[in-house]
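Enquirer: input.txt (compact mmCIF, N, CA and C atoms) pasted underneath:
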```txt
# COMPACT_ATOMS: atom_id res chain seq x y z
N MET T 20 -21.60 3.49 1.44
CA MET T 20 -20.41 2.65 1.40
C MET T 20 -19.90 2.58 -0.04
N ASN T 21 -18.62 2.91 -0.25
CA ASN T 21 -18.08 2.84 -1.60
C ASN T 21 -17.66 1.40 -1.96
N ASP T 22 -17.25 1.21 -3.21
CA ASP T 22 -16.91 -0.14 -3.69
C ASP T 22 -15.80 -0.79 -2.88
N LEU T 23 -14.76 -0.04 -2.52
CA LEU T 23 -13.65 -0.61 -1.77
C LEU T 23 -14.09 -1.00 -0.35
N GLN T 24 -14.87 -0.14 0.28
CA GLN T 24 -15.38 -0.46 1.62
C GLN T 24 -16.25 -1.71 1.58
N LYS T 25 -17.07 -1.81 0.53
CA LYS T 25 -17.95 -2.97 0.36
C LYS T 25 -17.12 -4.25 0.18
N ALA T 26 -16.10 -4.19 -0.69
CA ALA T 26 -15.24 -5.35 -0.95
C ALA T 26 -14.53 -5.77 0.34
N ARG T 27 -14.03 -4.79 1.06
CA ARG T 27 -13.30 -5.08 2.31
C ARG T 27 -14.24 -5.68 3.36
N SER T 28 -15.44 -5.16 3.45
CA SER T 28 -16.43 -5.66 4.40
C SER T 28 -16.78 -7.13 4.10
N ILE T 29 -16.98 -7.45 2.82
CA ILE T 29 -17.30 -8.83 2.43
C ILE T 29 -16.10 -9.75 2.71
N LEU T 30 -14.89 -9.27 2.38
CA LEU T 30 -13.67 -10.06 2.63
C LEU T 30 -13.55 -10.39 4.12
N GLU T 31 -13.77 -9.40 4.96
CA GLU T 31 -13.57 -9.57 6.40
C GLU T 31 -14.71 -10.34 7.07
N SER T 32 -15.90 -10.32 6.47
CA SER T 32 -17.05 -10.99 7.10
C SER T 32 -17.15 -12.47 6.75
N GLY T 33 -16.49 -12.87 5.65
CA GLY T 33 -16.53 -14.28 5.27
C GLY T 33 -15.15 -14.87 5.26
N ASN T 34 -15.06 -16.12 4.87
CA ASN T 34 -13.75 -16.75 4.80
C ASN T 34 -13.27 -16.69 3.35
N HIS T 35 -13.26 -15.48 2.81
CA HIS T 35 -12.91 -15.29 1.40
C HIS T 35 -11.47 -14.81 1.26
N THR T 36 -10.93 -14.99 0.05
CA THR T 36 -9.55 -14.57 -0.19
C THR T 36 -9.47 -13.34 -1.09
N CYS T 37 -10.51 -13.14 -1.94
CA CYS T 37 -10.48 -12.05 -2.90
C CYS T 37 -11.92 -11.63 -3.21
N VAL T 38 -12.19 -10.33 -3.07
CA VAL T 38 -13.53 -9.79 -3.35
C VAL T 38 -13.37 -8.56 -4.23
N LEU T 39 -14.13 -8.54 -5.33
CA LEU T 39 -14.11 -7.40 -6.25
C LEU T 39 -15.51 -6.81 -6.35
N CYS T 40 -15.60 -5.48 -6.25
CA CYS T 40 -16.90 -4.81 -6.29
C CYS T 40 -16.86 -3.60 -7.21
N LYS T 41 -17.98 -3.41 -7.92
CA LYS T 41 -18.21 -2.20 -8.73
C LYS T 41 -19.72 -2.06 -8.82
N GLY T 42 -20.27 -1.09 -8.09
CA GLY T 42 -21.71 -0.93 -8.06
C GLY T 42 -22.37 -2.19 -7.51
N ASP T 43 -23.32 -2.74 -8.29
CA ASP T 43 -24.02 -3.95 -7.86
C ASP T 43 -23.26 -5.23 -8.23
N ALA T 44 -22.22 -5.11 -9.05
CA ALA T 44 -21.45 -6.29 -9.48
C ALA T 44 -20.45 -6.68 -8.39
N VAL T 45 -20.48 -7.95 -8.01
CA VAL T 45 -19.58 -8.46 -6.97
C VAL T 45 -19.04 -9.82 -7.41
N TYR T 46 -17.74 -9.99 -7.34
CA TYR T 46 -17.09 -11.28 -7.58
C TYR T 46 -16.39 -11.68 -6.29
N ILE T 47 -16.62 -12.91 -5.85
CA ILE T 47 -16.02 -13.41 -4.61
C ILE T 47 -15.30 -14.71 -4.91
N SER T 48 -14.09 -14.85 -4.36
CA SER T 48 -13.35 -16.10 -4.53
C SER T 48 -12.78 -16.55 -3.20
N ASP T 49 -12.72 -17.87 -3.04
CA ASP T 49 -12.11 -18.48 -1.87
C ASP T 49 -10.83 -19.22 -2.25
N LYS T 50 -10.42 -19.12 -3.52
CA LYS T 50 -9.20 -19.79 -3.98
C LYS T 50 -7.99 -19.09 -3.35
N SER T 51 -6.91 -19.83 -3.18
CA SER T 51 -5.74 -19.26 -2.53
C SER T 51 -4.80 -18.54 -3.50
N GLY T 52 -3.93 -17.76 -2.91
CA GLY T 52 -2.91 -17.05 -3.69
C GLY T 52 -3.49 -16.11 -4.72
N ILE T 53 -2.86 -16.10 -5.90
CA ILE T 53 -3.32 -15.22 -6.96
C ILE T 53 -4.24 -15.94 -7.94
N ALA T 54 -4.64 -17.17 -7.58
CA ALA T 54 -5.55 -17.95 -8.44
C ALA T 54 -6.82 -17.20 -8.81
N PRO T 55 -7.45 -16.45 -7.89
CA PRO T 55 -8.67 -15.75 -8.29
C PRO T 55 -8.44 -14.78 -9.46
N MET T 56 -7.41 -13.95 -9.36
CA MET T 56 -7.15 -12.97 -10.43
C MET T 56 -6.71 -13.64 -11.72
N VAL T 57 -5.89 -14.68 -11.62
CA VAL T 57 -5.47 -15.41 -12.83
C VAL T 57 -6.72 -15.98 -13.51
N GLY T 58 -7.63 -16.53 -12.72
CA GLY T 58 -8.87 -17.09 -13.26
C GLY T 58 -9.73 -16.04 -13.93
N PHE T 59 -9.98 -14.92 -13.24
CA PHE T 59 -10.82 -13.87 -13.81
C PHE T 59 -10.24 -13.33 -15.11
N ILE T 60 -8.93 -13.09 -15.13
CA ILE T 60 -8.28 -12.55 -16.33
C ILE T 60 -8.32 -13.59 -17.46
N SER T 61 -8.03 -14.84 -17.14
CA SER T 61 -8.04 -15.91 -18.15
C SER T 61 -9.44 -16.09 -18.76
N GLU T 62 -10.47 -15.90 -17.94
CA GLU T 62 -11.85 -16.05 -18.41
C GLU T 62 -12.37 -14.81 -19.13
N GLY T 63 -11.57 -13.74 -19.15
CA GLY T 63 -11.98 -12.52 -19.85
C GLY T 63 -13.00 -11.69 -19.10
N VAL T 64 -13.08 -11.84 -17.78
CA VAL T 64 -14.01 -11.06 -16.97
C VAL T 64 -13.56 -9.59 -17.00
N ASP T 65 -14.48 -8.69 -17.33
CA ASP T 65 -14.16 -7.26 -17.40
C ASP T 65 -14.18 -6.67 -16.00
N LEU T 66 -13.01 -6.35 -15.46
CA LEU T 66 -12.88 -5.83 -14.11
C LEU T 66 -12.47 -4.36 -14.09
N LYS T 67 -12.54 -3.69 -15.24
CA LYS T 67 -12.14 -2.28 -15.31
C LYS T 67 -13.00 -1.45 -14.36
N GLY T 68 -12.32 -0.67 -13.51
CA GLY T 68 -13.02 0.21 -12.59
C GLY T 68 -13.47 -0.45 -11.30
N PHE T 69 -13.19 -1.74 -11.14
CA PHE T 69 -13.56 -2.44 -9.90
C PHE T 69 -12.59 -2.08 -8.78
N SER T 70 -13.06 -2.28 -7.55
CA SER T 70 -12.20 -2.19 -6.37
C SER T 70 -12.03 -3.61 -5.85
N VAL T 71 -10.85 -3.91 -5.34
CA VAL T 71 -10.55 -5.26 -4.86
C VAL T 71 -10.06 -5.23 -3.42
N ALA T 72 -10.49 -6.23 -2.67
CA ALA T 72 -9.96 -6.49 -1.34
C ALA T 72 -9.41 -7.91 -1.37
N ASP T 73 -8.16 -8.08 -0.95
CA ASP T 73 -7.49 -9.36 -1.06
C ASP T 73 -6.73 -9.64 0.24
N LYS T 74 -6.56 -10.92 0.57
CA LYS T 74 -5.83 -11.30 1.78
C LYS T 74 -4.38 -10.86 1.70
N ILE T 75 -3.72 -11.18 0.56
CA ILE T 75 -2.30 -10.90 0.41
C ILE T 75 -2.05 -10.25 -0.95
N VAL T 76 -1.40 -9.10 -0.94
CA VAL T 76 -1.10 -8.38 -2.18
C VAL T 76 0.39 -8.13 -2.26
N GLY T 77 1.04 -8.90 -3.13
CA GLY T 77 2.45 -8.67 -3.43
C GLY T 77 2.54 -8.02 -4.80
N LYS T 78 3.73 -7.96 -5.34
CA LYS T 78 3.91 -7.35 -6.66
C LYS T 78 3.17 -8.15 -7.73
N ALA T 79 3.15 -9.47 -7.61
CA ALA T 79 2.47 -10.30 -8.62
C ALA T 79 0.98 -9.95 -8.68
N ALA T 80 0.33 -9.89 -7.53
CA ALA T 80 -1.09 -9.54 -7.49
C ALA T 80 -1.30 -8.11 -7.99
N ALA T 81 -0.44 -7.20 -7.56
CA ALA T 81 -0.54 -5.81 -7.99
C ALA T 81 -0.47 -5.69 -9.51
N MET T 82 0.42 -6.45 -10.13
CA MET T 82 0.56 -6.41 -11.59
C MET T 82 -0.71 -6.94 -12.26
N LEU T 83 -1.33 -7.96 -11.67
CA LEU T 83 -2.58 -8.47 -12.23
C LEU T 83 -3.71 -7.45 -12.04
N PHE T 84 -3.71 -6.74 -10.93
CA PHE T 84 -4.71 -5.68 -10.71
C PHE T 84 -4.58 -4.60 -11.78
N VAL T 85 -3.34 -4.21 -12.09
CA VAL T 85 -3.09 -3.20 -13.13
C VAL T 85 -3.58 -3.73 -14.48
N LEU T 86 -3.22 -4.96 -14.79
CA LEU T 86 -3.63 -5.58 -16.05
C LEU T 86 -5.15 -5.61 -16.20
N ALA T 87 -5.85 -5.86 -15.09
CA ALA T 87 -7.31 -5.97 -15.11
C ALA T 87 -8.02 -4.61 -15.10
N GLY T 88 -7.29 -3.54 -14.81
CA GLY T 88 -7.91 -2.22 -14.77
C GLY T 88 -8.58 -1.88 -13.45
N ILE T 89 -8.09 -2.49 -12.37
CA ILE T 89 -8.62 -2.23 -11.03
C ILE T 89 -8.39 -0.77 -10.65
N LYS T 90 -9.36 -0.18 -9.95
CA LYS T 90 -9.29 1.24 -9.56
C LYS T 90 -8.68 1.42 -8.17
N ASN T 91 -9.07 0.58 -7.21
CA ASN T 91 -8.59 0.66 -5.83
C ASN T 91 -8.32 -0.74 -5.31
N ALA T 92 -7.29 -0.86 -4.47
CA ALA T 92 -6.94 -2.17 -3.92
C ALA T 92 -6.64 -2.07 -2.44
N TYR T 93 -7.16 -3.05 -1.70
CA TYR T 93 -6.86 -3.18 -0.28
C TYR T 93 -6.26 -4.57 -0.06
N GLY T 94 -5.20 -4.65 0.73
CA GLY T 94 -4.62 -5.93 1.09
C GLY T 94 -4.53 -6.04 2.61
N GLU T 95 -5.01 -7.16 3.15
CA GLU T 95 -4.81 -7.36 4.59
C GLU T 95 -3.32 -7.33 4.87
N VAL T 96 -2.54 -7.97 3.99
CA VAL T 96 -1.08 -7.89 4.01
C VAL T 96 -0.64 -7.43 2.63
N MET T 97 0.20 -6.41 2.57
CA MET T 97 0.69 -5.90 1.28
C MET T 97 2.19 -5.73 1.37
N SER T 98 2.87 -6.12 0.31
CA SER T 98 4.32 -5.92 0.28
C SER T 98 4.64 -4.51 -0.20
N ILE T 99 5.81 -4.04 0.15
CA ILE T 99 6.26 -2.73 -0.29
C ILE T 99 6.30 -2.69 -1.82
N GLY T 100 6.77 -3.79 -2.45
CA GLY T 100 6.82 -3.86 -3.91
C GLY T 100 5.44 -3.78 -4.54
N GLY T 101 4.47 -4.43 -3.91
CA GLY T 101 3.09 -4.37 -4.40
C GLY T 101 2.52 -2.97 -4.28
N LEU T 102 2.74 -2.34 -3.13
CA LEU T 102 2.27 -0.98 -2.89
C LEU T 102 2.87 -0.02 -3.91
N GLU T 103 4.18 -0.12 -4.11
CA GLU T 103 4.86 0.77 -5.06
C GLU T 103 4.32 0.59 -6.48
N PHE T 104 4.10 -0.67 -6.89
CA PHE T 104 3.62 -0.91 -8.25
C PHE T 104 2.20 -0.34 -8.43
N LEU T 105 1.36 -0.52 -7.43
CA LEU T 105 0.01 0.03 -7.51
C LEU T 105 0.05 1.55 -7.61
N GLU T 106 0.84 2.18 -6.76
CA GLU T 106 0.94 3.64 -6.76
C GLU T 106 1.52 4.17 -8.06
N GLN T 107 2.53 3.49 -8.60
CA GLN T 107 3.14 3.92 -9.87
C GLN T 107 2.14 3.86 -11.01
N ASN T 108 1.12 3.01 -10.87
CA ASN T 108 0.14 2.83 -11.94
C ASN T 108 -1.21 3.48 -11.62
N GLY T 109 -1.21 4.38 -10.65
CA GLY T 109 -2.39 5.18 -10.36
C GLY T 109 -3.54 4.45 -9.70
N ILE T 110 -3.24 3.35 -9.02
CA ILE T 110 -4.28 2.61 -8.31
C ILE T 110 -4.22 2.98 -6.83
N GLY T 111 -5.37 3.37 -6.29
CA GLY T 111 -5.43 3.67 -4.87
C GLY T 111 -5.14 2.41 -4.07
N ALA T 112 -4.24 2.50 -3.10
CA ALA T 112 -3.83 1.30 -2.36
C ALA T 112 -3.91 1.55 -0.86
N SER T 113 -4.43 0.55 -0.14
CA SER T 113 -4.46 0.59 1.32
C SER T 113 -4.22 -0.81 1.85
N TYR T 114 -3.85 -0.91 3.12
CA TYR T 114 -3.48 -2.21 3.70
C TYR T 114 -3.63 -2.15 5.20
N SER T 115 -3.64 -3.32 5.82
CA SER T 115 -3.60 -3.41 7.28
C SER T 115 -2.18 -3.63 7.76
N VAL T 116 -1.42 -4.48 7.03
CA VAL T 116 -0.03 -4.77 7.38
C VAL T 116 0.83 -4.59 6.14
N LEU T 117 1.90 -3.80 6.28
CA LEU T 117 2.86 -3.62 5.18
C LEU T 117 4.10 -4.43 5.52
N THR T 118 4.55 -5.24 4.56
CA THR T 118 5.70 -6.12 4.79
C THR T 118 6.73 -5.94 3.68
N LYS T 119 7.96 -6.33 3.97
CA LYS T 119 9.02 -6.21 2.96
C LYS T 119 8.78 -7.18 1.80
N LYS T 120 8.47 -8.43 2.14
CA LYS T 120 8.36 -9.49 1.12
C LYS T 120 7.17 -10.39 1.42
N ILE T 121 6.66 -11.03 0.38
CA ILE T 121 5.63 -12.06 0.54
C ILE T 121 6.37 -13.39 0.55
N ILE T 122 6.12 -14.17 1.58
CA ILE T 122 6.82 -15.45 1.79
C ILE T 122 5.94 -16.60 1.29
N ASN T 123 6.57 -17.71 0.89
CA ASN T 123 5.81 -18.88 0.42
C ASN T 123 5.04 -19.51 1.57
N ARG T 124 4.15 -20.46 1.23
CA ARG T 124 3.26 -21.04 2.24
C ARG T 124 4.00 -21.81 3.32
N SER T 125 5.16 -22.38 3.00
CA SER T 125 5.91 -23.12 4.01
C SER T 125 6.81 -22.21 4.85
N GLY T 126 6.88 -20.93 4.48
CA GLY T 126 7.65 -19.97 5.25
C GLY T 126 9.15 -20.07 5.09
N THR T 127 9.58 -20.72 4.01
CA THR T 127 11.01 -20.99 3.84
C THR T 127 11.70 -20.09 2.82
N ASP T 128 10.93 -19.37 2.00
CA ASP T 128 11.52 -18.59 0.90
C ASP T 128 10.51 -17.55 0.43
N ILE T 129 10.94 -16.77 -0.53
CA ILE T 129 10.05 -15.80 -1.18
C ILE T 129 8.97 -16.58 -1.95
N CYS T 130 7.76 -16.04 -1.99
CA CYS T 130 6.65 -16.64 -2.75
C CYS T 130 7.07 -16.86 -4.21
N PRO T 131 6.77 -18.03 -4.77
CA PRO T 131 7.16 -18.29 -6.16
C PRO T 131 6.54 -17.32 -7.17
N MET T 132 5.38 -16.78 -6.86
CA MET T 132 4.75 -15.81 -7.77
C MET T 132 5.51 -14.48 -7.74
N GLU T 133 6.02 -14.14 -6.57
CA GLU T 133 6.83 -12.93 -6.45
C GLU T 133 8.13 -13.09 -7.23
N LYS T 134 8.73 -14.28 -7.14
CA LYS T 134 9.94 -14.56 -7.91
C LYS T 134 9.66 -14.48 -9.41
N ALA T 135 8.47 -14.93 -9.81
CA ALA T 135 8.11 -14.96 -11.24
C ALA T 135 8.05 -13.56 -11.85
N VAL T 136 7.76 -12.54 -11.03
CA VAL T 136 7.61 -11.18 -11.57
C VAL T 136 8.71 -10.23 -11.09
N GLU T 137 9.66 -10.77 -10.36
CA GLU T 137 10.72 -9.97 -9.74
C GLU T 137 11.37 -8.96 -10.68
N ASN T 138 11.73 -9.41 -11.88
CA ASN T 138 12.44 -8.54 -12.84
C ASN T 138 11.56 -8.13 -14.01
N ILE T 139 10.25 -8.10 -13.79
CA ILE T 139 9.31 -7.74 -14.85
C ILE T 139 8.60 -6.45 -14.45
N SER T 140 8.40 -5.56 -15.44
CA SER T 140 7.69 -4.31 -15.15
C SER T 140 6.43 -4.14 -15.99
N VAL T 141 6.19 -5.06 -16.94
CA VAL T 141 5.03 -4.97 -17.83
C VAL T 141 3.98 -6.01 -17.40
N PRO T 142 2.77 -5.57 -17.04
CA PRO T 142 1.75 -6.49 -16.54
C PRO T 142 1.42 -7.68 -17.46
N THR T 143 1.40 -7.47 -18.78
CA THR T 143 1.10 -8.60 -19.68
C THR T 143 2.21 -9.65 -19.60
N GLU T 144 3.45 -9.21 -19.49
CA GLU T 144 4.57 -10.15 -19.35
C GLU T 144 4.49 -10.87 -18.00
N ALA T 145 4.09 -10.14 -16.97
CA ALA T 145 3.94 -10.73 -15.63
C ALA T 145 2.89 -11.84 -15.67
N PHE T 146 1.77 -11.59 -16.33
CA PHE T 146 0.69 -12.57 -16.43
C PHE T 146 1.19 -13.86 -17.07
N LEU T 147 1.94 -13.74 -18.15
CA LEU T 147 2.50 -14.93 -18.82
C LEU T 147 3.48 -15.66 -17.92
N SER T 148 4.33 -14.92 -17.21
CA SER T 148 5.31 -15.53 -16.31
C SER T 148 4.62 -16.24 -15.15
N ILE T 149 3.58 -15.63 -14.61
CA ILE T 149 2.81 -16.23 -13.51
C ILE T 149 2.16 -17.53 -13.97
N LYS T 150 1.53 -17.51 -15.15
CA LYS T 150 0.88 -18.72 -15.66
C LYS T 150 1.90 -19.83 -15.90
N GLN T 151 3.06 -19.48 -16.41
CA GLN T 151 4.13 -20.45 -16.65
C GLN T 151 4.62 -21.04 -15.32
N THR T 152 4.77 -20.20 -14.30
CA THR T 152 5.20 -20.65 -12.98
C THR T 152 4.17 -21.59 -12.36
N ILE T 153 2.89 -21.26 -12.48
CA ILE T 153 1.83 -22.12 -11.96
C ILE T 153 1.89 -23.49 -12.65
N ARG T 154 2.07 -23.48 -13.97
CA ARG T 154 2.16 -24.73 -14.73
C ARG T 154 3.33 -25.58 -14.23
N LYS T 155 4.49 -24.96 -14.03
CA LYS T 155 5.67 -25.67 -13.55
C LYS T 155 5.45 -26.25 -12.16
N LEU T 156 4.82 -25.48 -11.28
CA LEU T 156 4.55 -25.94 -9.92
C LEU T 156 3.58 -27.14 -9.93
N LYS T 157 2.57 -27.09 -10.78
CA LYS T 157 1.62 -28.20 -10.89
C LYS T 157 2.31 -29.45 -11.42
N GLU T 158 3.19 -29.29 -12.40
CA GLU T 158 3.95 -30.42 -12.96
C GLU T 158 4.83 -31.04 -11.89
N ALA T 159 5.48 -30.21 -11.10
CA ALA T 159 6.38 -30.71 -10.05
C ALA T 159 5.58 -31.46 -8.97
N GLU T 160 4.37 -30.97 -8.66
CA GLU T 160 3.53 -31.63 -7.65
C GLU T 160 3.06 -33.01 -8.12
N SER T 161 2.81 -33.14 -9.42
CA SER T 161 2.27 -34.40 -9.94
C SER T 161 3.33 -35.47 -10.17
N GLN T 162 4.59 -35.13 -9.95
CA GLN T 162 5.67 -36.14 -10.17
C GLN T 162 6.04 -36.84 -8.88
```
Go ahead and render the structure in this file as structure tokens.

Expert:
Amino acid sequence: MNDLQKARSILESGNHTCVLCKGDAVYISDKSGIAPMVGFISEGVDLKGFSVADKIVGKAAAMLFVLAGIKNAYGEVMSIGGLEFLEQNGIGASYSVLTKKIINRSGTDICPMEKAVENISVPTEAFLSIKQTIRKLKEAESQ
């Protein structure tokens, strides 16, 4: 079983949202959205060469995968924009469901993380925009 198959198997067997594998190294998260990748990158976790299996992969997640140096990515649901960004950056990509857009949790609009990276093509800039969007959303929730 290769790293991507292992990550996908762990994702599907548990109630996890994001699983990263490289050899014997495995990172598992149950946090929602792109929080797992934002956390790993913020903490300086070296994910170069890892394979990832994630519940939902839009362009925002794809940009974080590129930034982290991910080798292969699987999304249970993947957006066309996410797939294109992964392919443009040489990351092997697979999915169960391909969709036009990633929708927010209430189903009323485009996901705020997707909006945050809509007009960005550089992963480092995307990371900053995503963190800023998360901060704004948390501020709005606390008011």

Enquirer: Can you tell me which residues surround range 145-160 of chain T at a distance of at most 7 Å, considering all atoms listed in the file, apart from same-chain residues fewer than 5 positions away, and format the answer as a list in words?

Expert: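 After dropping sequence-adjacent residues, the list is Met82, Leu83, Pro131, Met132, Ala135, Val136, Ile139 and Ser140 of chain T.
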
Enquirer: Which residue out of T:Lys78, T:Leu30, T:Gly52, T:Gln24 has the minimum interatomic distance to Glu103 in chain T when all atoms listed in the file are used?

Expert: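 For Glu103 in chain T, the nearest of the given residues is T:Lys78.
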
Enquirer: Kindly give the distance, in Å, that separates CA of Asn108 in chain T and CA of Leu23 in chain T, rounded to a single decimal.

Expert: 17.5 Å

Enquirer: Where in chain T does DSSP assign strand (DSSP E or B), given as a PyMOL selection string?

Expert: chain T and resi 37-41+44-48+70-76+91-98+111-118+122+129

Enquirer: Now that the selection is made, can you save its residues with N, CA and C atoms as a compact mmCIF listing (two decimals), in the frame of the given file?

Expert:
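Final output, result.txt:
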```
# COMPACT_ATOMS: atom_id res chain seq x y z
N CYS T 37 -10.51 -13.14 -1.94
CA CYS T 37 -10.48 -12.05 -2.90
C CYS T 37 -11.92 -11.63 -3.21
N VAL T 38 -12.19 -10.33 -3.07
CA VAL T 38 -13.53 -9.79 -3.35
C VAL T 38 -13.37 -8.56 -4.23
N LEU T 39 -14.13 -8.54 -5.33
CA LEU T 39 -14.11 -7.40 -6.25
C LEU T 39 -15.51 -6.81 -6.35
N CYS T 40 -15.60 -5.48 -6.25
CA CYS T 40 -16.90 -4.81 -6.29
C CYS T 40 -16.86 -3.60 -7.21
N LYS T 41 -17.98 -3.41 -7.92
CA LYS T 41 -18.21 -2.20 -8.73
C LYS T 41 -19.72 -2.06 -8.82
N ALA T 44 -22.22 -5.11 -9.05
CA ALA T 44 -21.45 -6.29 -9.48
C ALA T 44 -20.45 -6.68 -8.39
N VAL T 45 -20.48 -7.95 -8.01
CA VAL T 45 -19.58 -8.46 -6.97
C VAL T 45 -19.04 -9.82 -7.41
N TYR T 46 -17.74 -9.99 -7.34
CA TYR T 46 -17.09 -11.28 -7.58
C TYR T 46 -16.39 -11.68 -6.29
N ILE T 47 -16.62 -12.91 -5.85
CA ILE T 47 -16.02 -13.41 -4.61
C ILE T 47 -15.30 -14.71 -4.91
N SER T 48 -14.09 -14.85 -4.36
CA SER T 48 -13.35 -16.10 -4.53
C SER T 48 -12.78 -16.55 -3.20
N SER T 70 -13.06 -2.28 -7.55
CA SER T 70 -12.20 -2.19 -6.37
C SER T 70 -12.03 -3.61 -5.85
N VAL T 71 -10.85 -3.91 -5.34
CA VAL T 71 -10.55 -5.26 -4.86
C VAL T 71 -10.06 -5.23 -3.42
N ALA T 72 -10.49 -6.23 -2.67
CA ALA T 72 -9.96 -6.49 -1.34
C ALA T 72 -9.41 -7.91 -1.37
N ASP T 73 -8.16 -8.08 -0.95
CA ASP T 73 -7.49 -9.36 -1.06
C ASP T 73 -6.73 -9.64 0.24
N LYS T 74 -6.56 -10.92 0.57
CA LYS T 74 -5.83 -11.30 1.78
C LYS T 74 -4.38 -10.86 1.70
N ILE T 75 -3.72 -11.18 0.56
CA ILE T 75 -2.30 -10.90 0.41
C ILE T 75 -2.05 -10.25 -0.95
N VAL T 76 -1.40 -9.10 -0.94
CA VAL T 76 -1.10 -8.38 -2.18
C VAL T 76 0.39 -8.13 -2.26
N ASN T 91 -9.07 0.58 -7.21
CA ASN T 91 -8.59 0.66 -5.83
C ASN T 91 -8.32 -0.74 -5.31
N ALA T 92 -7.29 -0.86 -4.47
CA ALA T 92 -6.94 -2.17 -3.92
C ALA T 92 -6.64 -2.07 -2.44
N TYR T 93 -7.16 -3.05 -1.70
CA TYR T 93 -6.86 -3.18 -0.28
C TYR T 93 -6.26 -4.57 -0.06
N GLY T 94 -5.20 -4.65 0.73
CA GLY T 94 -4.62 -5.93 1.09
C GLY T 94 -4.53 -6.04 2.61
N GLU T 95 -5.01 -7.16 3.15
CA GLU T 95 -4.81 -7.36 4.59
C GLU T 95 -3.32 -7.33 4.87
N VAL T 96 -2.54 -7.97 3.99
CA VAL T 96 -1.08 -7.89 4.01
C VAL T 96 -0.64 -7.43 2.63
N MET T 97 0.20 -6.41 2.57
CA MET T 97 0.69 -5.90 1.28
C MET T 97 2.19 -5.73 1.37
N SER T 98 2.87 -6.12 0.31
CA SER T 98 4.32 -5.92 0.28
C SER T 98 4.64 -4.51 -0.20
N GLY T 111 -5.37 3.37 -6.29
CA GLY T 111 -5.43 3.67 -4.87
C GLY T 111 -5.14 2.41 -4.07
N ALA T 112 -4.24 2.50 -3.10
CA ALA T 112 -3.83 1.30 -2.36
C ALA T 112 -3.91 1.55 -0.86
N SER T 113 -4.43 0.55 -0.14
CA SER T 113 -4.46 0.59 1.32
C SER T 113 -4.22 -0.81 1.85
N TYR T 114 -3.85 -0.91 3.12
CA TYR T 114 -3.48 -2.21 3.70
C TYR T 114 -3.63 -2.15 5.20
N SER T 115 -3.64 -3.32 5.82
CA SER T 115 -3.60 -3.41 7.28
C SER T 115 -2.18 -3.63 7.76
N VAL T 116 -1.42 -4.48 7.03
CA VAL T 116 -0.03 -4.77 7.38
C VAL T 116 0.83 -4.59 6.14
N LEU T 117 1.90 -3.80 6.28
CA LEU T 117 2.86 -3.62 5.18
C LEU T 117 4.10 -4.43 5.52
N THR T 118 4.55 -5.24 4.56
CA THR T 118 5.70 -6.12 4.79
C THR T 118 6.73 -5.94 3.68
N ILE T 122 6.12 -14.17 1.58
CA ILE T 122 6.82 -15.45 1.79
C ILE T 122 5.94 -16.60 1.29
N ILE T 129 10.94 -16.77 -0.53
CA ILE T 129 10.05 -15.80 -1.18
C ILE T 129 8.97 -16.58 -1.95
```

Enquirer: Using backbone DSSP assignments, extract all helix (DSSP H, G or I) residues from chain T; output them as a VMD selection string.

Expert: chain T and resid 22 to 32 54 to 61 78 to 87 99 to 107 131 to 136 142 to 160

Enquirer: In Å to one decimal, how far is atom N of Asp43 in chain T from atom C of Val57 in chain T?

Expert: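 Interatomic distance, atom C of Val57 in chain T to atom N of Asp43 in chain T: 21.9 Å.
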
Enquirer: Smallest atom-to-atom distance to Ala92 in chain T: which of T:Cys37, T:Ala112, T:Ala80, T:Leu117, using all atoms listed in the file?

Expert: T:Ala112

Enquirer: Skip Lys50 in chain T itself and residues of its chain fewer than 4 positions away, then list as a CSV table (one decimal) with N, CA and C atoms, in the coordinates of the input all residues within 7 Å of it, counting only C-alpha atoms.

Expert:
```
chain,number,residue,atom,x,y,z
T,36,THR,N,-10.9,-15.0,0.0
T,36,THR,CA,-9.6,-14.6,-0.2
T,36,THR,C,-9.5,-13.3,-1.1
T,54,ALA,N,-4.6,-17.2,-7.6
T,54,ALA,CA,-5.6,-18.0,-8.4
T,54,ALA,C,-6.8,-17.2,-8.8
T,55,PRO,N,-7.4,-16.4,-7.9
T,55,PRO,CA,-8.7,-15.8,-8.3
T,55,PRO,C,-8.4,-14.8,-9.5
```

Enquirer: How many Å separate CA of Ile121 in chain T from atom C of Phe104 in chain T?

Expert: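 Interatomic distance here is 15.2 Å.
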
Enquirer: Of the candidates T:Val64, T:Ile75, T:Ile47, T:Val116, which shows the shortest atom-to-atom distance to Gly88 in chain T, using only C-alpha atoms?

Expert: T:Val64

Enquirer: Skip Ala26 in chain T itself and residues of its chain fewer than 2 positions away, then list as a PyMOL selection string all residues within 7 Å of it, counting only N, CA and C atoms.

Expert: chain T and resi 21-24+28-31+38-40+70-73

Enquirer: Measuring between only C-alpha atoms, which one of T:Lys90, T:Lys134, T:Lys119, T:Arg27 shows the shortest distance to Lys74 in chain T?

Expert: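 Under the stated criterion, the closest residue is T:Arg27.
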
Enquirer: Write out as a list in words which residues come within 8 Å of Val85 in chain T when counting only C-alpha atoms, dropping same-chain ones fewer than 6 positions away.

Expert: Leu105, Asn108, Ile110 and Pro142 of chain T

Enquirer: Under the rule that all atoms listed in the file are counted, which of T:Ser113, T:Glu62, T:Phe69, T:Ala79 is the nearest residue to Gly100 in chain T?

Expert: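 Closest to Gly100 in chain T of all the choices is T:Ala79.
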
Enquirer: With 5 Å of padding per side, what axis-aligned box (centre and edge lengths, Å, one decimal) covers all the listed atoms of range 65-76 of chain T? Give it as AutoDock Vina command-line options.

Expert:
```
--center_x -7.0 --center_y -5.5 --center_z -7.8 --size_x 24.9 --size_y 21.5 --size_z 29.2
```
